[in-house]
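First comes the structure, then the notes that go with it.
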Number of protein chains: 2
Amino acid sequence: MSPKCHDPEPALSELSAFLGNRLARSKSERDLHGGSESHFAAAPPNAVAYPETAEEVARIVRVAAAHGLPLIGYGQGTSLEAQTSAIAGGLTVDFARMARVLAVHAEDMDVVVQPGITREALNRELRATGLFFPVDPGADASLGGMASTRASGTTAVRYGTMRDRVLGLQVVLADGRVIRTGSRARKSAAGYDLTGLFVGAEGTLGLITELTLRLAGQPEAVSSAICGFPAIGPAVEAVMAVIQSGIGVARIEFTDAATARAFNAYAGTGLPEQPHLLLEFHGSPAGVDEDAARTGEIVQGFGGSDFQWSARTEERNALWQLRHNAYYACLRLRPGARAVVTDICVPISRLAEAVEAVTAMVERAGLLGPILGHVGDGNFHAVLLVDPGDADEMARARTCATEMAELALGMGGTITGEHGIGIGKRGLMQAEHGEAWAVMGAVKQALDPQDLMNPGKLVPDPGRNG
Amino acid sequence: MSPKCHDPEPALSELSAFLGNRLARSKSERDLHGGSESHFAAAPPNAVAYPETAEEVARIVRVAAAHGLPLIGYGQGTSLEAQTSAIAGGLTVDFARMARVLAVHAEDMDVVVQPGITREALNRELRATGLFFPVDPGADASLGGMASTRASGTTAVRYGTMRDRVLGLQVVLADGRVIRTGSRARKSAAGYDLTGLFVGAEGTLGLITELTLRLAGQPEAVSSAICGFPAIGPAVEAVMAVIQSGIGVARIEFTDAATARAFNAYAGTGLPEQPHLLLEFHGSPAGVDEDAARTGEIVQGFGGSDFQWSARTEERNALWQLRHNAYYACLRLRPGARAVVTDICVPISRLAEAVEAVTAMVERAGLLGPILGHVGDGNFHAVLLVDPGDADEMARARTCATEMAELALGMGGTITGEHGIGIGKRGLMQAEHGEAWAVMGAVKQALDPQDLMNPGKLVPDPGRNG
């Protein structure tokens with residue numbers, strides 16, 4: 001039960017009157033929406049709504065606001081910091097029934113979608129246009145959720161993050177007003193960048209009901225490779241050298257020896273249990289060949305072996321399927337375990353030092369924690385495998401994660417490259433932002449004075465904004 | 001005199017005590033800072049401060065806040081919508097003495113600068129690093145000003161705008177708090193994008209005292225060309241075709257026949273008085289040649305003539321010098337005239353239609369108004385040459401500018417691609433943003449409740465925030 005809304009019943013019965021069976025109150029629905037893919041305790045909402053239009057969302061928000069009922073937006077539930085957890089109770093707004101493509105503007109390379117559509121579903125619909133939506137966080141997340149967590153993933157090194165790909169939004173605010181931000185123009189200097197403010201706000205400022213997204217052209221040629229290294233240091237130094245050379249790599253992913261072991265156990269592959277780089281190039285056939293050749297030279301200079309290229313679609317898909325399943329593969333290294341996932345991002349020049357320091361931290365803490373990530377951005381994860389019932393181990397994992405965050409901040413980096421804050425990293429926000437965290441709180445207070453929108457996430461508690 | 005601060009003297013004498021002769025009160029200084037490059041009436045401040053550190057800026061802000069004195073940030077005064085005009089009186093904070101490069105991180109391709117440094121001065125300091133700062137609005141503007149107006153210019157089609165190039169900021173808020181936003185990491189999901197909020201805020205939310213900027217590698221090869229067209233339509237259609245082909249053009253600029261006439265009169269060139277495209281490619285020697293060849297084919301398909309390439313530095317510089325001086329050249333077409341400059345930006349698919357409609361609007365209004373712009377972004381300007389003393393002509397120019405803005409909005413575009421709002425386009429904000437303009441007002445109210453930071457610009461008047 002929410003501390004804000006001591007009795008959700010009046011609000012829920014009012015909502016039920018117009019949503020009918022699209023207001024779900026069964027235990028299974030509530031449990032499904034209160035869980036998480038990570039290590040956090042479940043926190044189910046009082047009910048789940050399935051709106052079909054922005055007008056319905058606005059009506060839901062007005063009813064919730066009148067009764068003080070918290071509201072949590074929900075896409076696919078794949079976020080890793082418990083962003084969709086109903087820690088103050090309330091109503092989860094699931095966008096599963098708002099998952100359509102509304103308009104494709106192929107000439108302008110943009111698309112207008114509802115928030116519930118997933119990136120894979122969107123790309124299936126775009127296949128015939130010669131265009132695609134390039135942001136790829138691994139999970140088949142919803143676009144509304146990806147915008148809300150400012151997701152990125154394996155392709156950000158070339159195509160940017162959600163920050164770079166959202167041109168405009170329709171948002172329902174905490175008082176039920178429906179606004180539009182941005183436009184279909186490629187750039188604008190018309191006032192505050194509200195689009196950028198809602199992207200990454202994790203639903204704490206409003207509910208996204210429509211997105212205009214910038215697409216990319218499907219590359220004429222694609223080539224992928226996987227390459228083993230004798231040690232972590234040279235692998236990461238090779239990444240730094242490739243990035244600094246200016247070669248336009250489309251993906252450049254690092255996985256450590258433990259991740260290779262996880263892949264082998266999960267998918268029956270026979271990878272050497274050593275650090276690897278996974279690479280991909282997009283471009284013209286000649287351009288891809290040139291990039292591949294130059295990268296091959298650089299990588300071999302750092303002792304990289306088995307530098308095997310493939311332009312064959314099936315082989316490439318198998319490679320990236322492996323990478324996309326890395327999180328689940330790592331979880332299986334220790335049956336029954338949950339994961340405390342870190343997500344630091346540092347300037348490229350500090351990357352090798354950072355990965356080696358994190359490796360040492362995991363070892364020192366006596367934890368099993370494969371390391372992998374989008375190293376072309378300076379972003380990587382330690383997947384700390386823990387038994388949530390073992391208080392000592394949980395404490396060691398949390399301490400270890402905090403040490404990593406402090407390491408990143410000391411290097412001029414950030415505590416989270418792409419997973420966001422939710423409840424998991426909220427305790428580190430003051431350390432990263434100082435007084436600027438209170439400024440975020442002041443913006444939240446201005447747009448959601450009742451603190452109804454995903455309360456308890458990202459910003460300081462109300463009253464700490466002073 | 002400010003309506004907020006009925007007597008600036010107590011504040012100014014307090015400031016004078018610690019700024020000494022870095023608080024300027026002469027008429028010439030005040031007039032210089034209250035003027036504008038565009039058609040707006042002069043509005044000088046009560047005084048001009050020249051701080052040397054962020055701590056001094058914070059002290060200035062605290063004194064101003066205590067006395068209700070408005071504060072206007074100032075770089076080079078090259079903005080076009082009277083962003084630096086002291087319409088409510090107050091103190092102009094000129095960053096001329098905060099114009100240093102604080103750190104160059106060549107390996108990470110970023111640089112930390114003070115707000116007063118200009119883009120050309122920065123690029124001179126970077127010359128030996130192999131890196132450069134690519135945003136180029138034409139004028140040699142300050143980086144703090146460019147961030148504040150979310151500037152872009154001729155290279156945005158390849159290198160993005162200030163939105164894409166500012167990694168982090170130090171900002172002095174309206175209550176004197178000094179915050180840092182962003183980091184040196186390439187991406188972050190750590191809370192609200194405050195960097196993006198201050199970029200484009202035109203000094204209405206705080207004063208920028210430091211910027212971390214993302215640089216680009218100096219291209220190995222550069223090639224430029226100029227190409228004439230028999231009519232506007234085919235020239236703009238050629239742009240659309242080049243952009244849609246995915247060729248990585250670094251600049252693609254349109255100028256109409258009147259602009260060619262202005263160039264000839266200003267610089268003694270002998271350009272045919274017809275529409276032109278000015279193009280530039282950056283890359284490897286082979287890449288630039290390939291791009292040039294493909295573009296040449298496309299452009300010739302639309303009747304382009306005189307497609308002359310030059311990889312020689314002097315010739316290229318002369319070409320872009322012409323383009324950079326276009327605004328001043330246009331002004332000289334009519335001695336004594338001032339300019340009402342429009343700045344619409346539309347989706348690429350609507351560009352030809354938009355340029356032709358704007359041409360017709362200028363003719364119908366009986367105005368002289370050369371048309372030119374960064375058409376690769378869908379962004380172009382009509383430079384409406386007016387006699388500020390002729391009320392009828394001013395009214396026709398304003399009506400014409402409003403018609404153009406409405407045209408852009410009807411096409412899914414924006415009223416300003418890069419010049420910003422200031423006072424000149426504030427009357428159009430409601431039309432572009434609807435209720436979202438009030439949301440900008442609520443954000444302003446939260447961060448600057450006294451309305452001291454550049455009052456009267458960009459956001460609605462206080463009390464209109466609902």
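Naming scheme: A, B, ... for chains in displayed order of the structure tokens; residues 1 onward per chain; ligands 1 onward as shown.
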If you take only C-alpha atoms and a cut-off of 12 Å, which residues of range 77-149 of chain B touch range 310-322 of chain B, and what are their nearest atom pairs and distances in Å to one decimal, in chain and number order, as a tab-separated table?
```
residue	atom	partner	partner_atom	distance
B:Asp136	CA	B:Trp320	CA	10.8
B:Pro137	CA	B:Trp320	CA	11.6
B:Gly138	CA	B:Gln321	CA	8.7
B:Ala139	CA	B:Gln321	CA	10.5
B:Asp140	CA	B:Gln321	CA	11.8
```
Can you check which residues of chain A have any atom within 7 Å of chain B? Use only C-alpha atoms and format it as a short mmCIF file (atom, residue, chain, number, x, y, z; two decimals) with N, CA and C atoms, in the first residue's frame.
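Wrote it out as result-v4.cif, contents follow:
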```cif
data_model
loop_
_atom_site.label_atom_id
_atom_site.label_comp_id
_atom_site.auth_asym_id
_atom_site.auth_seq_id
_atom_site.Cartn_x
_atom_site.Cartn_y
_atom_site.Cartn_z
N GLU A 107 11.55 9.31 -46.42
CA GLU A 107 12.39 10.35 -47.02
C GLU A 107 13.13 11.16 -45.96
N ASP A 108 12.46 11.34 -44.80
CA ASP A 108 13.07 12.11 -43.72
C ASP A 108 13.78 11.21 -42.72
N THR A 149 14.89 5.35 -19.94
CA THR A 149 16.15 5.06 -19.26
C THR A 149 17.36 5.59 -20.04
N ARG A 150 17.14 6.28 -21.10
CA ARG A 150 18.22 6.77 -21.98
C ARG A 150 19.14 5.60 -22.34
N ILE A 179 1.36 17.15 -23.56
CA ILE A 179 2.19 18.09 -24.31
C ILE A 179 2.96 17.36 -25.40
N ARG A 180 3.43 18.17 -26.36
CA ARG A 180 4.35 17.67 -27.38
C ARG A 180 5.66 18.41 -27.25
N THR A 181 6.76 17.68 -27.39
CA THR A 181 8.08 18.30 -27.36
C THR A 181 8.78 18.00 -28.68
N SER A 183 10.22 18.33 -32.63
CA SER A 183 9.53 18.41 -33.91
C SER A 183 10.14 17.38 -34.83
N ARG A 184 9.74 17.39 -36.09
CA ARG A 184 10.37 16.49 -37.06
C ARG A 184 11.55 17.15 -37.77
N ALA A 185 11.86 18.39 -37.42
CA ALA A 185 13.06 19.04 -37.96
C ALA A 185 14.30 18.38 -37.34
N ARG A 186 15.41 18.42 -38.09
CA ARG A 186 16.64 17.76 -37.64
C ARG A 186 17.30 18.47 -36.46
N LYS A 187 16.98 19.74 -36.29
CA LYS A 187 17.56 20.51 -35.19
C LYS A 187 16.60 21.64 -34.87
N SER A 188 16.73 22.21 -33.70
CA SER A 188 15.90 23.34 -33.31
C SER A 188 16.59 24.10 -32.20
N ALA A 189 16.39 25.43 -32.19
CA ALA A 189 16.90 26.26 -31.09
C ALA A 189 15.74 26.93 -30.39
N ALA A 190 14.56 26.31 -30.46
CA ALA A 190 13.33 26.93 -29.96
C ALA A 190 13.10 26.60 -28.49
N GLY A 191 13.94 27.12 -27.62
CA GLY A 191 13.68 27.02 -26.19
C GLY A 191 14.28 25.80 -25.54
N TYR A 192 13.89 25.57 -24.28
CA TYR A 192 14.48 24.49 -23.49
C TYR A 192 14.26 23.15 -24.19
N ASP A 193 15.24 22.29 -24.09
CA ASP A 193 15.19 20.98 -24.72
C ASP A 193 14.38 20.02 -23.84
N GLY A 196 14.93 16.26 -24.40
CA GLY A 196 16.09 15.76 -23.67
C GLY A 196 15.83 15.63 -22.18
N LEU A 197 14.92 16.44 -21.66
CA LEU A 197 14.61 16.35 -20.23
C LEU A 197 13.82 15.09 -19.91
N GLY A 200 15.43 9.79 -20.32
CA GLY A 200 16.29 9.54 -19.17
C GLY A 200 15.64 9.89 -17.84
N ALA A 201 14.41 10.40 -17.86
CA ALA A 201 13.75 10.79 -16.60
C ALA A 201 13.08 9.61 -15.92
N GLN A 244 40.68 5.80 -31.02
CA GLN A 244 41.48 7.00 -31.26
C GLN A 244 41.93 7.13 -32.71
N CYS A 345 31.04 4.18 -16.77
CA CYS A 345 31.50 4.67 -18.08
C CYS A 345 32.57 5.72 -17.82
N VAL A 346 33.73 5.54 -18.44
CA VAL A 346 34.87 6.43 -18.17
C VAL A 346 35.41 6.99 -19.49
N PRO A 347 36.18 8.08 -19.42
CA PRO A 347 36.84 8.54 -20.64
C PRO A 347 37.72 7.42 -21.21
N ILE A 348 37.77 7.34 -22.53
CA ILE A 348 38.48 6.25 -23.21
C ILE A 348 39.92 6.10 -22.73
N SER A 349 40.58 7.21 -22.46
CA SER A 349 41.99 7.15 -22.06
C SER A 349 42.19 6.42 -20.73
N ASP A 377 32.49 3.03 -26.05
CA ASP A 377 32.00 4.22 -25.35
C ASP A 377 32.70 4.44 -24.02
N GLY A 412 36.60 11.07 -13.93
CA GLY A 412 35.83 12.00 -14.76
C GLY A 412 34.69 11.31 -15.49
N GLY A 413 34.32 10.12 -15.03
CA GLY A 413 33.26 9.36 -15.69
C GLY A 413 31.94 9.43 -14.96
N THR A 414 31.10 8.41 -15.18
CA THR A 414 29.74 8.41 -14.63
C THR A 414 29.43 7.05 -14.02
N ILE A 415 28.52 7.04 -13.04
CA ILE A 415 28.15 5.81 -12.35
C ILE A 415 27.31 4.89 -13.23
N THR A 416 26.67 5.45 -14.26
CA THR A 416 25.85 4.62 -15.14
C THR A 416 25.89 5.13 -16.57
N GLY A 417 26.38 4.30 -17.46
CA GLY A 417 26.42 4.67 -18.88
C GLY A 417 25.10 4.52 -19.57
N GLU A 418 24.29 3.52 -19.09
CA GLU A 418 23.08 3.22 -19.85
C GLU A 418 21.96 2.57 -19.05
N HIS A 419 22.21 2.04 -17.87
CA HIS A 419 21.14 1.35 -17.13
C HIS A 419 20.25 2.31 -16.37
N GLY A 420 20.75 3.48 -16.06
CA GLY A 420 19.96 4.45 -15.32
C GLY A 420 20.05 4.26 -13.82
N ILE A 421 19.17 4.95 -13.10
CA ILE A 421 19.28 5.10 -11.65
C ILE A 421 18.27 4.22 -10.91
N HIS A 433 26.64 14.01 -8.71
CA HIS A 433 26.14 15.32 -9.14
C HIS A 433 26.28 16.43 -8.11
N GLU A 435 25.45 19.26 -5.83
CA GLU A 435 24.30 20.16 -5.74
C GLU A 435 23.37 20.02 -6.97
N ALA A 436 23.91 19.54 -8.08
CA ALA A 436 23.07 19.40 -9.27
C ALA A 436 21.98 18.35 -9.07
N MET A 440 17.94 18.67 -9.98
CA MET A 440 17.01 17.70 -10.58
C MET A 440 15.75 17.60 -9.71
N ALA A 442 14.47 19.91 -7.88
CA ALA A 442 13.66 21.11 -8.06
C ALA A 442 12.85 21.04 -9.35
N VAL A 443 13.45 20.48 -10.41
CA VAL A 443 12.71 20.32 -11.67
C VAL A 443 11.56 19.34 -11.47
N ALA A 446 8.77 20.95 -9.63
CA ALA A 446 8.02 21.90 -10.46
C ALA A 446 7.01 21.19 -11.35
N LEU A 458 15.30 7.86 -8.80
CA LEU A 458 16.15 8.86 -9.47
C LEU A 458 16.40 10.16 -8.69
#
```
Check: Which residues in range 231-446 of chain B does DSSP call strand (DSSP E)? List them as a count of residues only.
Finding: 32
Notebook entry, point to check: Tell me, which residues of range 279-385 of chain B carry DSSP helix (DSSP H, G or I), written as an MDAnalysis selection string?
Noted result: chainID B and resid 285:301 313:324 326:332 348:364 375:377
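A straight line drawn from CA of Cys330 in chain A to CA of Asn264 in chain A is 10.5 Å long.
Pairwise distance (CA of Ser36 in chain B, CA of Tyr50 in chain B) equals 19.3 Å.
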Check: Got a sec: who's within 12 Å of Ser28 in chain A, counting only C-alpha atoms, leaving out chain neighbours fewer than 2 positions off, as a ChimeraX atom specification?
Finding: /A:24-26,30-35,44-48
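A straight line drawn from CA of Cys227 in chain A to CA of Gln274 in chain A is 9.9 Å long.
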Notebook entry, point to check: Smallest atom-to-atom distance to Ala238 in chain A: which of A:Met146, A:Leu351, A:Val340, A:Leu80, using only C-alpha atoms?
Noted result: A:Leu351
Check: Excluding same-chain residues fewer than 4 positions from Pro285 in chain B, what lies within 7 Å of it counting only C-alpha atoms, as a VMD selection string?
Finding: chain B and resid 220 to 221 289
Checklist line | Within 8 Å of Gln76 in chain A using only C-alpha atoms, minus same-chain residues under 4 positions, as a ChimeraX atom specification | finding: /A:116,118,140-142,145
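With only C-alpha atoms as the atoms that count, the residue of A:His67, A:Arg22, A:Thr53, A:Val172 with the shortest distance to Pro8 in chain A is A:His67.
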Item checked: Residue neighbourhood Glu297 in chain A, 12 Å, only C-alpha atoms, exclusion window fewer than 5 positions, as a ChimeraX atom specification -> /A:238,241-242,245,290-292,302-305,307
Item checked: Within 10 Å of Val362 in chain B using only C-alpha atoms, minus same-chain residues under 2 positions, as a PyMOL selection string -> chain B and resi 357-360+364-371+382-384+396-397+400-401+404
